[in-house]
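Engineer: protein21.cif is the file, holding mmCIF, C-alpha atoms and all ligand atoms:
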data_run
loop_
_atom_site.label_atom_id
_atom_site.label_comp_id
_atom_site.auth_asym_id
_atom_site.auth_seq_id
_atom_site.Cartn_x
_atom_site.Cartn_y
_atom_site.Cartn_z
CA SER A 27 124.15 118.56 75.71
CA LYS A 28 122.89 116.54 78.64
CA PRO A 29 125.53 115.07 80.96
CA THR A 30 126.58 111.43 80.92
CA LEU A 31 126.00 109.49 84.13
CA ALA A 32 127.77 106.29 85.17
CA LEU A 33 126.28 104.01 87.81
CA VAL A 34 129.07 101.93 89.28
CA GLY A 35 127.86 98.89 91.22
CA ALA A 36 124.75 98.73 89.05
CA THR A 37 123.91 95.13 89.89
CA GLY A 38 123.93 95.31 93.72
CA ALA A 39 121.04 95.92 96.13
CA VAL A 40 121.49 99.70 95.97
CA GLY A 41 122.35 99.60 92.25
CA THR A 42 119.01 97.98 91.50
CA VAL A 43 117.14 100.73 93.37
CA MET A 44 119.42 103.31 91.71
CA ARG A 45 118.37 102.20 88.23
CA GLU A 46 114.73 102.43 89.23
CA ILE A 47 115.21 105.90 90.77
CA VAL A 48 116.99 107.42 87.76
CA SER A 49 114.29 105.89 85.55
CA SER A 50 111.45 107.51 87.46
CA ARG A 51 112.80 111.01 88.26
CA ALA A 52 113.29 114.00 85.93
CA ASP A 53 115.27 112.82 82.91
CA ILE A 54 118.30 115.11 83.13
CA TYR A 55 120.93 112.77 81.68
CA GLY A 56 122.08 111.96 78.18
CA GLU A 57 123.74 108.55 78.27
CA ILE A 58 123.49 106.43 81.40
CA ARG A 59 126.30 103.92 81.62
CA LEU A 60 125.98 100.84 83.87
CA VAL A 61 129.24 99.60 85.32
CA ALA A 62 129.99 96.60 87.54
CA SER A 63 132.66 94.02 88.30
CA ALA A 64 133.98 91.90 85.45
CA ARG A 65 131.80 89.07 86.78
CA SER A 66 128.60 91.04 86.00
CA ALA A 67 129.80 92.65 82.77
CA GLY A 68 127.70 91.70 79.76
CA LYS A 69 124.47 91.43 81.75
CA VAL A 70 121.58 93.37 80.22
CA LEU A 71 119.62 95.50 82.67
CA PRO A 72 116.78 97.98 82.15
CA VAL A 73 117.22 101.68 82.83
CA ARG A 74 114.73 104.36 81.69
CA GLY A 75 112.81 101.61 79.90
CA GLU A 76 115.77 100.62 77.73
CA ASP A 77 118.04 97.60 77.93
CA VAL A 78 121.60 98.58 78.73
CA VAL A 79 124.61 96.24 78.62
CA VAL A 80 126.63 96.36 81.85
CA ARG A 81 130.26 97.35 81.25
CA ALA A 82 133.25 96.16 83.26
CA LEU A 83 134.99 98.54 85.62
CA THR A 84 138.03 99.83 83.69
CA PRO A 85 139.67 103.27 83.58
CA GLU A 86 138.36 103.81 80.03
CA VAL A 87 134.76 103.30 81.06
CA PHE A 88 134.89 106.78 82.66
CA ASP A 89 135.97 108.57 79.49
CA GLY A 90 133.27 111.11 78.65
CA VAL A 91 131.45 110.56 81.97
CA ASP A 92 130.36 113.79 83.70
CA VAL A 93 128.96 112.32 86.92
CA ALA A 94 129.67 108.87 88.38
CA ILE A 95 127.72 107.42 91.29
CA PHE A 96 129.62 104.65 93.07
CA ASP A 97 128.00 102.05 95.30
CA VAL A 98 130.72 99.45 95.80
CA PRO A 99 132.67 98.08 98.79
CA ASP A 100 135.09 100.46 100.54
CA GLU A 101 138.21 98.92 99.03
CA VAL A 102 136.80 99.13 95.49
CA SER A 103 135.95 102.80 96.00
CA ALA A 104 139.42 103.45 97.45
CA GLU A 105 140.98 102.17 94.24
CA TRP A 106 138.51 103.31 91.58
CA VAL A 107 136.98 106.61 92.74
CA PRO A 108 140.30 108.49 92.25
CA ILE A 109 140.63 106.91 88.79
CA ALA A 110 137.16 108.11 87.78
CA ALA A 111 137.86 111.58 89.21
CA ALA A 112 141.19 111.76 87.37
CA ARG A 113 139.32 111.01 84.13
CA GLY A 114 137.17 114.08 84.76
CA ALA A 115 134.04 112.63 86.35
CA ILE A 116 132.46 114.26 89.39
CA VAL A 117 132.16 111.28 91.72
CA ILE A 118 129.40 110.73 94.26
CA ASP A 119 130.60 107.93 96.49
CA LYS A 120 128.44 105.84 98.83
CA SER A 121 131.29 103.98 100.50
CA GLY A 122 132.82 104.83 103.86
CA THR A 123 136.23 105.49 102.29
CA PHE A 124 136.14 109.27 101.81
CA ARG A 125 133.33 110.40 104.13
CA MET A 126 135.52 111.81 106.87
CA ASN A 127 138.20 113.21 104.53
CA PRO A 128 138.23 116.99 105.16
CA GLN A 129 138.62 117.58 101.41
CA VAL A 130 135.46 115.62 100.62
CA PRO A 131 132.05 117.10 101.43
CA LEU A 132 129.50 114.75 103.05
CA VAL A 133 126.14 115.87 101.74
CA VAL A 134 122.47 115.50 102.55
CA PRO A 135 120.69 117.89 100.15
CA GLU A 136 118.03 118.90 102.73
CA VAL A 137 120.70 119.81 105.29
CA ASN A 138 123.95 121.04 103.69
CA PRO A 139 123.40 121.39 99.91
CA GLY A 140 125.98 124.18 99.62
CA ASP A 141 128.79 121.83 100.64
CA ALA A 142 128.42 119.85 97.37
CA ALA A 143 130.03 122.67 95.35
CA ASN A 144 133.24 122.66 97.40
CA ARG A 145 134.95 119.42 96.32
CA PRO A 146 138.69 119.88 95.74
CA LEU A 147 139.16 116.18 94.93
CA GLY A 148 136.14 116.05 92.61
CA ILE A 149 134.49 113.69 95.12
CA VAL A 150 131.32 114.10 97.16
CA SER A 151 130.46 111.45 99.75
CA THR A 152 126.99 110.33 100.70
CA PRO A 153 126.47 109.17 104.30
CA ASN A 154 125.93 105.76 105.79
CA CYS A 155 122.30 104.62 105.56
CA THR A 156 121.77 104.69 109.32
CA THR A 157 122.86 108.32 109.61
CA LEU A 158 120.86 109.22 106.51
CA SER A 159 117.66 107.59 107.71
CA MET A 160 117.18 110.30 110.34
CA MET A 161 119.11 113.26 108.90
CA ALA A 162 116.35 115.14 107.04
CA ALA A 163 114.28 115.26 110.24
CA ILE A 164 117.13 116.00 112.64
CA GLY A 165 118.55 118.64 110.29
CA ALA A 166 115.23 120.48 110.16
CA LEU A 167 114.92 120.49 113.97
CA HIS A 168 118.54 121.57 114.36
CA ALA A 169 118.12 124.52 111.97
CA GLU A 170 115.58 126.10 114.31
CA TYR A 171 116.41 124.80 117.78
CA GLY A 172 120.16 124.13 117.81
CA LEU A 173 120.99 120.48 118.41
CA ARG A 174 123.32 119.69 121.34
CA GLU A 175 123.13 115.92 121.92
CA LEU A 176 121.88 112.79 120.19
CA VAL A 177 121.32 109.42 121.83
CA VAL A 178 120.21 106.87 119.27
CA ALA A 179 119.21 103.21 119.15
CA SER A 180 118.86 101.80 115.64
CA TYR A 181 116.66 98.99 114.37
CA GLN A 182 118.40 98.15 111.12
CA ALA A 183 117.06 96.17 108.20
CA VAL A 184 118.98 93.21 106.77
CA SER A 185 119.27 94.72 103.26
CA GLY A 186 121.79 97.13 104.82
CA ALA A 187 124.14 94.18 104.38
CA GLY A 188 123.27 93.96 100.67
CA VAL A 189 121.56 91.28 98.60
CA ALA A 190 123.17 88.61 100.81
CA GLY A 191 121.58 90.15 103.91
CA SER A 192 118.07 89.97 102.50
CA ALA A 193 118.65 86.45 101.17
CA ARG A 194 119.76 85.32 104.61
CA LEU A 195 116.63 86.53 106.39
CA TYR A 196 114.35 84.96 103.75
CA ASP A 197 116.30 81.69 104.07
CA GLU A 198 116.18 81.71 107.86
CA ILE A 199 112.45 82.40 107.95
CA GLU A 200 111.83 79.64 105.40
CA ALA A 201 114.00 77.20 107.37
CA LEU A 202 112.15 77.87 110.62
CA ALA A 203 108.62 78.33 109.31
CA GLY A 204 105.93 76.03 110.60
CA ASP A 205 107.79 74.97 113.77
CA ARG A 206 105.68 76.34 116.61
CA THR A 207 108.14 75.13 119.23
CA ILE A 208 110.90 77.41 117.97
CA GLY A 209 112.08 80.42 119.97
CA GLN A 210 111.27 79.03 123.38
CA THR A 211 114.52 77.32 124.41
CA ALA A 212 117.95 78.99 124.71
CA GLY A 213 119.89 78.48 121.50
CA ASP A 214 117.17 76.57 119.65
CA VAL A 215 116.99 79.04 116.73
CA ARG A 216 120.76 78.97 116.29
CA LYS A 217 120.85 75.16 116.45
CA ALA A 218 118.01 74.70 113.96
CA LEU A 219 119.69 77.07 111.52
CA GLN A 220 123.06 75.33 111.86
CA ASN A 221 121.39 72.10 110.79
CA LYS A 222 119.39 73.58 107.95
CA LEU A 223 121.58 76.42 106.59
CA PRO A 224 125.20 75.31 106.68
CA GLU A 225 126.51 78.29 104.68
CA GLU A 226 127.90 81.31 106.51
CA SER A 227 125.61 84.19 107.44
CA PRO A 228 126.46 87.86 106.88
CA PHE A 229 125.23 88.37 110.47
CA PRO A 230 126.97 87.22 113.66
CA ALA A 231 123.81 85.61 115.10
CA PRO A 232 120.43 84.40 113.86
CA VAL A 233 118.36 87.35 112.68
CA ALA A 234 115.01 85.55 112.30
CA PHE A 235 113.09 85.44 115.61
CA ASN A 236 115.85 87.59 117.05
CA VAL A 237 117.50 91.01 117.34
CA VAL A 238 121.28 91.34 117.06
CA PRO A 239 123.08 94.21 118.82
CA TRP A 240 125.74 94.50 116.15
CA ALA A 241 126.28 96.20 112.77
CA GLY A 242 129.62 96.67 111.04
CA SER A 243 133.08 95.84 112.31
CA LEU A 244 134.69 95.96 115.78
CA LYS A 245 136.39 99.24 116.67
CA GLU A 246 138.25 100.42 119.76
CA ASP A 247 136.66 100.05 123.20
CA GLY A 248 133.91 97.75 121.96
CA TRP A 249 132.21 100.16 119.57
CA ALA A 250 130.75 98.88 116.30
CA SER A 251 131.85 100.81 113.19
CA GLU A 252 128.23 101.65 112.46
CA GLU A 253 127.88 103.44 115.83
CA LEU A 254 130.98 105.54 115.24
CA LYS A 255 129.83 106.40 111.71
CA LEU A 256 126.58 107.70 113.10
CA ARG A 257 128.48 109.94 115.49
CA ASN A 258 131.16 111.24 113.15
CA GLU A 259 128.97 111.67 110.09
CA SER A 260 126.20 113.47 112.03
CA ARG A 261 128.78 115.96 113.31
CA LYS A 262 130.13 116.63 109.82
CA ILE A 263 126.78 116.92 107.99
CA LEU A 264 125.23 119.18 110.63
CA GLY A 265 128.43 121.21 110.96
CA ILE A 266 128.57 120.69 114.74
CA PRO A 267 132.09 119.34 115.43
CA ASP A 268 131.46 118.91 119.15
CA LEU A 269 127.96 117.41 118.93
CA LYS A 270 127.57 114.80 121.67
CA VAL A 271 126.41 111.52 120.12
CA SER A 272 126.04 108.03 121.52
CA ALA A 273 124.50 105.16 119.57
CA THR A 274 123.69 101.47 119.83
CA CYS A 275 123.09 99.78 116.47
CA VAL A 276 120.86 96.72 116.30
CA ARG A 277 119.92 94.44 113.40
CA VAL A 278 116.27 93.37 113.32
CA PRO A 279 114.32 90.94 111.14
CA VAL A 280 113.13 93.57 108.64
CA ILE A 281 114.08 93.32 104.96
CA THR A 282 114.32 97.03 104.13
CA THR A 283 113.86 100.32 106.06
CA HIS A 284 115.95 101.33 109.01
CA SER A 285 114.27 102.71 112.13
CA LEU A 286 115.82 104.81 114.87
CA ALA A 287 114.71 105.73 118.37
CA VAL A 288 116.21 109.19 118.81
CA HIS A 289 116.68 111.17 122.04
CA ALA A 290 117.63 114.64 120.76
CA THR A 291 118.61 117.49 123.07
CA PHE A 292 118.46 121.10 121.91
CA ALA A 293 119.81 124.45 123.14
CA GLY A 294 116.44 125.43 124.60
CA GLU A 295 113.05 124.03 125.46
CA ILE A 296 111.21 122.44 122.56
CA THR A 297 107.62 121.22 122.61
CA VAL A 298 105.89 118.53 120.57
CA ALA A 299 103.90 121.27 118.79
CA ASP A 300 107.16 123.03 117.82
CA ALA A 301 108.55 119.79 116.45
CA HIS A 302 105.38 118.98 114.51
CA ARG A 303 105.35 122.46 112.97
CA ILE A 304 108.98 122.19 111.84
CA LEU A 305 108.72 118.61 110.61
CA ASN A 306 105.45 119.27 108.77
CA ALA A 307 107.15 122.16 106.96
CA ALA A 308 110.13 120.01 105.91
CA PRO A 309 109.37 118.96 102.32
CA THR A 310 110.83 115.43 102.52
CA VAL A 311 109.62 114.60 106.05
CA VAL A 312 106.25 113.01 106.77
CA VAL A 313 104.82 113.19 110.29
CA MET A 314 102.82 110.11 111.30
CA ASP A 315 102.06 110.88 114.89
CA ASP A 316 98.63 110.05 116.26
CA PRO A 317 99.16 107.28 118.79
CA ALA A 318 95.52 107.36 119.94
CA ASN A 319 94.68 106.02 116.47
CA HIS A 320 97.76 103.78 116.23
CA VAL A 321 99.39 106.14 113.73
CA TYR A 322 103.18 105.93 113.79
CA PRO A 323 105.68 104.85 111.16
CA THR A 324 106.67 101.20 110.85
CA PRO A 325 109.12 99.79 108.31
CA ALA A 326 106.47 97.52 106.78
CA ASP A 327 104.19 100.49 106.09
CA VAL A 328 106.74 102.86 104.54
CA VAL A 329 109.26 100.64 102.72
CA GLY A 330 109.78 101.50 99.06
CA THR A 331 108.96 105.19 99.51
CA ASP A 332 111.16 108.27 99.60
CA PRO A 333 110.35 110.39 102.69
CA THR A 334 111.77 110.32 106.19
CA TYR A 335 108.90 109.38 108.51
CA VAL A 336 108.63 110.63 112.08
CA GLY A 337 106.27 109.58 114.84
CA ARG A 338 106.01 109.09 118.60
CA VAL A 339 107.27 112.63 119.17
CA ARG A 340 107.38 113.28 122.90
CA GLN A 341 108.88 115.99 125.04
CA ALA A 342 111.05 113.97 127.41
CA ILE A 343 109.39 114.22 130.82
CA ASP A 344 112.57 114.83 132.77
CA PHE A 345 114.42 116.73 130.04
CA PRO A 346 112.52 119.80 128.76
CA ASN A 347 115.11 120.53 126.07
CA THR A 348 114.85 117.00 124.75
CA LEU A 349 112.56 115.24 122.29
CA ASP A 350 112.14 111.51 121.95
CA LEU A 351 111.05 110.41 118.51
CA PHE A 352 110.87 107.38 116.24
CA VAL A 353 112.15 107.74 112.69
CA CYS A 354 111.87 105.39 109.71
CA GLY A 355 113.62 105.69 106.35
CA ASP A 356 114.10 103.28 103.47
CA ASN A 357 117.79 102.39 103.74
CA LEU A 358 118.10 101.60 100.03
CA ARG A 359 116.30 104.77 98.87
CA LYS A 360 116.93 107.87 101.05
CA GLY A 361 119.55 105.83 102.92
CA ALA A 362 121.52 105.19 99.75
CA ALA A 363 120.42 105.48 96.11
CA LEU A 364 118.00 108.40 96.48
CA ASN A 365 120.42 110.61 98.40
CA ALA A 366 123.13 109.94 95.81
CA ALA A 367 120.68 110.69 92.98
CA GLU A 368 119.63 113.93 94.70
CA ILE A 369 123.26 115.04 95.08
CA ALA A 370 123.82 114.31 91.38
CA GLU A 371 120.68 116.31 90.47
CA LEU A 372 121.82 119.19 92.66
CA ILE A 373 125.18 119.32 90.89
CA VAL A 374 123.76 118.85 87.39
CA THR A 375 121.02 121.46 87.75
CA THR A 376 123.32 124.08 89.31
CA GLU A 377 126.53 123.49 87.32
CA PHE A 378 125.67 122.08 83.88
C1 LIG B 1 124.11 98.42 107.29
N1 LIG B 1 124.66 100.75 107.31
O1 LIG B 1 122.92 98.68 107.52
C2 LIG B 1 125.02 99.47 106.83
C3 LIG B 1 125.11 99.43 105.34
N2 LIG B 1 125.92 100.47 104.83
O2 LIG B 1 124.60 97.32 107.43
#
Please re-express this file's structure in structure tokens.
Structural biologist:
Amino acid sequence: SKPTLALVGATGAVGTVMREIVSSRADIYGEIRLVASARSAGKVLPVRGEDVVVRALTPEVFDGVDVAIFDVPDEVSAEWVPIAAARGAIVIDKSGTFRMNPQVPLVVPEVNPGDAANRPLGIVSTPNCTTLSMMAAIGALHAEYGLRELVVASYQAVSGAGVAGSARLYDEIEALAGDRTIGQTAGDVRKALQNKLPEESPFPAPVAFNVVPWAGSLKEDGWASEELKLRNESRKILGIPDLKVSATCVRVPVITTHSLAVHATFAGEITVADAHRILNAAPTVVVMDDPANHVYPTPADVVGTDPTYVGRVRQAIDFPNTLDLFVCGDNLRKGAALNAAEIAELIVTTEF
């Protein structure tokens, strides 16, 4: 019989995309159970064209579940993922809790699919959306040219901070719209928002009419957690423990789709033609790279779609072993729900 899937965190930003993704891809599941906090239990949400009542997160909800996909805050995963695994579910977890645990594989199906089968705790982690947004492209280049260093600047969408992140940008834009004096005096955006939007923002500075060089929490020596995740997770997924990585993560006024400017250094010389050939052959990568005709990926043009988009590929003038490229990926799809769904499909089709 077909396996039972549980979607835990079914009502969040990623959960909403998750329901849409499992409804539109090959129908490999028997029952699909929707699970959320007690606050959301009882809601009726569509999945595969049917209304499903959301169930509260309890140990019993995992009885009979074969695969559970979790998209909940770190502390909720820390408590509940082991409970689901102990009840026999194979858990695919989107939180940061288990990603760097050596007993938990961190999987991007295009890059390291084999790792998904080796899961002593019954848990597979899926990476942070920023890492994921570039990984299909970087993994393909690495497989042929041997990656040595990554220097990355991110341009991250507000929905990376969940439903509240998107709501905040819409609110800020609405509050400031129509004022053609705004954005010309130091602090005027911040002041106008303080007057009009008294509630707290999920971001440490205005995000409308602005860019904010911060994502995540403060770590040692001034690093943001997001920047360290990009480093540590890239090393683990690519299987290069000493990969040199340095990142600066920036929030921009985009609702959904993270972008990254990537400076990638390889073991030997790599040309733009080499990169185009490899990226064109990668099934989930789309090359949009014709600057003479203004063809390059932008978040607004690719949001809501599955591939990893790459453009602006250049051989760095002073670094022959280095490519500079611009990558866009939908942070709620490949960056979150889609990658989790693909891991689940990989496990179900090979093991059930
Ligand atoms: C962000 N990467 O964009 C985070 C979400 N996991 O805020």
Engineer: Residues at most 6 Å from ligand LIG 1 (chain B), using only C-alpha atoms and all ligand atoms? Could they come as a count of residues only?
Structural biologist: 7
Engineer: Would you mind telling me which residue in A:Leu264, A:Phe292, A:Val329, A:Phe88 lies nearest to Arg359 (chain A) when using only C-alpha atoms?
Structural biologist: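 Nearest to Arg359 (chain A): A:Val329.
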Engineer: Pick the closest to Val40 (chain A) from A:Asp356, A:Glu377, A:Asp53, A:Glu101: which is it, counting all atoms listed in the file?
Structural biologist: A:Asp356
Engineer: Can you work out the spacing between CA of Gly337 (chain A) and CA of Ile199 (chain A) in Å, to one decimal?
Structural biologist: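 Between CA of Gly337 (chain A) and CA of Ile199 (chain A) the gap is 28.7 Å.
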Engineer: One decimal, Å: what's the distance from CA of Val215 (chain A) over to CA of Glu198 (chain A), could you say?
Structural biologist: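 Separation of CA of Val215 (chain A) and CA of Glu198 (chain A): 9.3 Å.
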Engineer: Determine the nearest neighbour of Glu368 (chain A) from the options A:Pro135, A:Gly191, A:Gly355, A:Pro230, counting all atoms listed in the file.
Structural biologist: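 For Glu368 (chain A), the nearest of the candidates is A:Pro135.
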Engineer: Which residue is closest to Gly242 (chain A)? Choose from A:Asn319, A:Ala163, A:Gly122, A:Thr331 and count all atoms listed in the file.
Structural biologist: A:Gly122
Engineer: So how far away is CA of Thr37 (chain A) from CA of Gly68 (chain A), in Å?
Structural biologist: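 Computing the Euclidean distance for CA of Gly68 (chain A) and CA of Thr37 (chain A) yields 11.3 Å.
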Engineer: Skipping near chain neighbours, those fewer than 6 positions away, what residues fall within 7 Å of Val233 (chain A) using all atoms listed in the file, listed as a list of chain:residue names?
Structural biologist: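 Here the qualifying residues turn out to be A:Leu195, A:Val278, A:Pro279.
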Engineer: Determine the nearest neighbour of Ala299 (chain A) from the options A:Ile58, A:Leu71, A:Val339, A:Val189, counting only C-alpha atoms.
Structural biologist: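 The closest residue to Ala299 (chain A) is A:Val339.
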Engineer: Give me the region 209-325 of chain A side of the contact with region 165-181 of chain A, cut-off 7 Å, one line per residue showing its nearest atom pair and distance in Å at one decimal, counting only C-alpha atoms, sorted by chain and residue number, as a tab-separated table.
Structural biologist:
residue	atom	partner	partner_atom	distance
A:Leu264	CA	A:Gly165	CA	6.7
A:Leu269	CA	A:Arg174	CA	5.7
A:Lys270	CA	A:Glu175	CA	4.6
A:Val271	CA	A:Leu176	CA	4.7
A:Ser272	CA	A:Val177	CA	4.9
A:Ala273	CA	A:Val178	CA	4.6
A:Thr274	CA	A:Ala179	CA	4.9
A:Cys275	CA	A:Ser180	CA	4.8
A:Val276	CA	A:Tyr181	CA	5.1
A:Arg277	CA	A:Tyr181	CA	5.7
A:Val278	CA	A:Tyr181	CA	5.7
A:His284	CA	A:Tyr181	CA	5.9
A:Ser285	CA	A:Tyr181	CA	5.0
A:Leu286	CA	A:Ser180	CA	4.3
A:Ala287	CA	A:Ala179	CA	5.2
A:Val288	CA	A:Val178	CA	4.6
A:His289	CA	A:Val177	CA	5.0
A:Ala290	CA	A:Leu176	CA	4.7
A:Thr291	CA	A:Glu175	CA	4.9
A:Phe292	CA	A:Leu173	CA	4.4
A:Ala293	CA	A:Gly172	CA	5.4
A:Gly294	CA	A:Tyr171	CA	6.8
A:Ala301	CA	A:Leu167	CA	6.9
A:Ile304	CA	A:Leu167	CA	6.5
A:Leu305	CA	A:Ala166	CA	6.8
A:Ala308	CA	A:Ala166	CA	6.7
Engineer: Provide an axis-aligned box for all listed atoms of region 248-251 of chain A, padding each side by 4 Å; report its centre and its edge lengths in Å to one decimal, as lines of an AutoDock Vina configuration file.
Structural biologist:
center_x = 132.3
center_y = 99.3
center_z = 117.6
size_x = 11.2
size_y = 11.1
size_z = 16.8
Engineer: Just checking: using all atoms listed in the file, which residue out of A:Ile208, A:Ala104, A:Val150, A:Ala201 ends up closest to Leu223 (chain A)?
Structural biologist: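 The closest residue to Leu223 (chain A) is A:Ala201.
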Engineer: Considering all atoms listed in the file, return as a ChimeraX atom specification whatever protein or nucleic-acid residues lie within 6 Å of Asp141 (chain A), sequence-local ones (same chain, fewer than 3 positions apart) excluded.
Structural biologist: /A:131,138,144
Engineer: Emit the selected residues as a compact mmCIF listing (two decimals), in the frame of the given file, including C-alpha atoms.
Structural biologist:
# COMPACT_ATOMS: atom_id res chain seq x y z
CA PRO A 131 132.05 117.10 101.43
CA ASN A 138 123.95 121.04 103.69
CA ASN A 144 133.24 122.66 97.40
Engineer: Can you tell me which residues surround Asp327 (chain A) at a distance of at most 10 Å, considering only C-alpha atoms, apart from same-chain residues fewer than 4 positions away, and format the answer as a PDB file with C-alpha atoms, in the frame of the given file?
Structural biologist:
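The file below, part15.pdb, is the result:
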ATOM      1  CA  THR A 283     113.860 100.320 106.060  1.00  0.00           C
ATOM      2  CA  TYR A 322     103.180 105.930 113.790  1.00  0.00           C
ATOM      3  CA  PRO A 323     105.680 104.850 111.160  1.00  0.00           C
ATOM      4  CA  THR A 331     108.960 105.190  99.510  1.00  0.00           C
ATOM      5  CA  CYS A 354     111.870 105.390 109.710  1.00  0.00           C
TER       6      CYS A 354
END
Engineer: Near Ile296 (chain A), counting all atoms listed in the file, which residues have an atom at most 7 Å away, once you skip same-chain residues fewer than 2 positions from it, shown as a list in words?
Structural biologist: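 These residues fall inside the cut-off: Gly294, Val298, Asp300, Pro346, Asn347 and Thr348 of chain A.
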Engineer: Since the input is missing atoms, can you rebuild all heavy atoms for region 223-229 of chain A and write them as a short mmCIF file (atom, residue, chain, number, x, y, z; two decimals), in the frame of the given file?
Structural biologist:
data_model
loop_
_atom_site.label_atom_id
_atom_site.label_comp_id
_atom_site.auth_asym_id
_atom_site.auth_seq_id
_atom_site.Cartn_x
_atom_site.Cartn_y
_atom_site.Cartn_z
N LEU A 223 120.91 75.45 107.48
CA LEU A 223 121.58 76.42 106.59
C LEU A 223 123.07 76.40 106.90
O LEU A 223 123.57 77.23 107.64
CB LEU A 223 121.04 77.83 106.83
CG LEU A 223 119.58 78.13 106.51
CD1 LEU A 223 119.23 79.56 106.92
CD2 LEU A 223 119.31 77.95 105.02
N PRO A 224 123.78 75.45 106.33
CA PRO A 224 125.20 75.31 106.68
C PRO A 224 126.06 76.49 106.24
O PRO A 224 127.09 76.76 106.85
CB PRO A 224 125.62 74.02 105.96
CG PRO A 224 124.58 73.78 104.92
CD PRO A 224 123.32 74.44 105.37
N GLU A 225 125.64 77.21 105.19
CA GLU A 225 126.51 78.29 104.68
C GLU A 225 126.58 79.45 105.69
O GLU A 225 125.69 79.63 106.52
CB GLU A 225 126.05 78.77 103.30
CG GLU A 225 124.71 79.45 103.28
CD GLU A 225 123.55 78.46 103.18
OE1 GLU A 225 123.74 77.26 103.46
OE2 GLU A 225 122.45 78.91 102.87
N GLU A 226 127.64 80.24 105.55
CA GLU A 226 127.90 81.31 106.51
C GLU A 226 126.91 82.46 106.35
O GLU A 226 126.53 82.81 105.25
CB GLU A 226 129.32 81.82 106.29
CG GLU A 226 129.99 82.22 107.60
CD GLU A 226 131.42 82.63 107.37
OE1 GLU A 226 132.25 81.75 107.04
OE2 GLU A 226 131.69 83.83 107.52
N SER A 227 126.53 83.06 107.47
CA SER A 227 125.61 84.19 107.44
C SER A 227 126.38 85.51 107.41
O SER A 227 127.44 85.61 108.01
CB SER A 227 124.74 84.17 108.69
OG SER A 227 123.99 85.37 108.80
N PRO A 228 125.83 86.54 106.76
CA PRO A 228 126.46 87.86 106.88
C PRO A 228 126.29 88.48 108.27
O PRO A 228 126.87 89.53 108.56
CB PRO A 228 125.75 88.71 105.81
CG PRO A 228 124.60 87.92 105.32
CD PRO A 228 124.68 86.53 105.85
N PHE A 229 125.49 87.84 109.12
CA PHE A 229 125.23 88.37 110.47
C PHE A 229 125.85 87.46 111.52
O PHE A 229 125.93 86.26 111.33
CB PHE A 229 123.72 88.53 110.69
CG PHE A 229 123.07 89.33 109.60
CD1 PHE A 229 122.22 88.73 108.69
CD2 PHE A 229 123.36 90.67 109.46
CE1 PHE A 229 121.66 89.47 107.65
CE2 PHE A 229 122.81 91.42 108.43
CZ PHE A 229 121.95 90.82 107.52
#
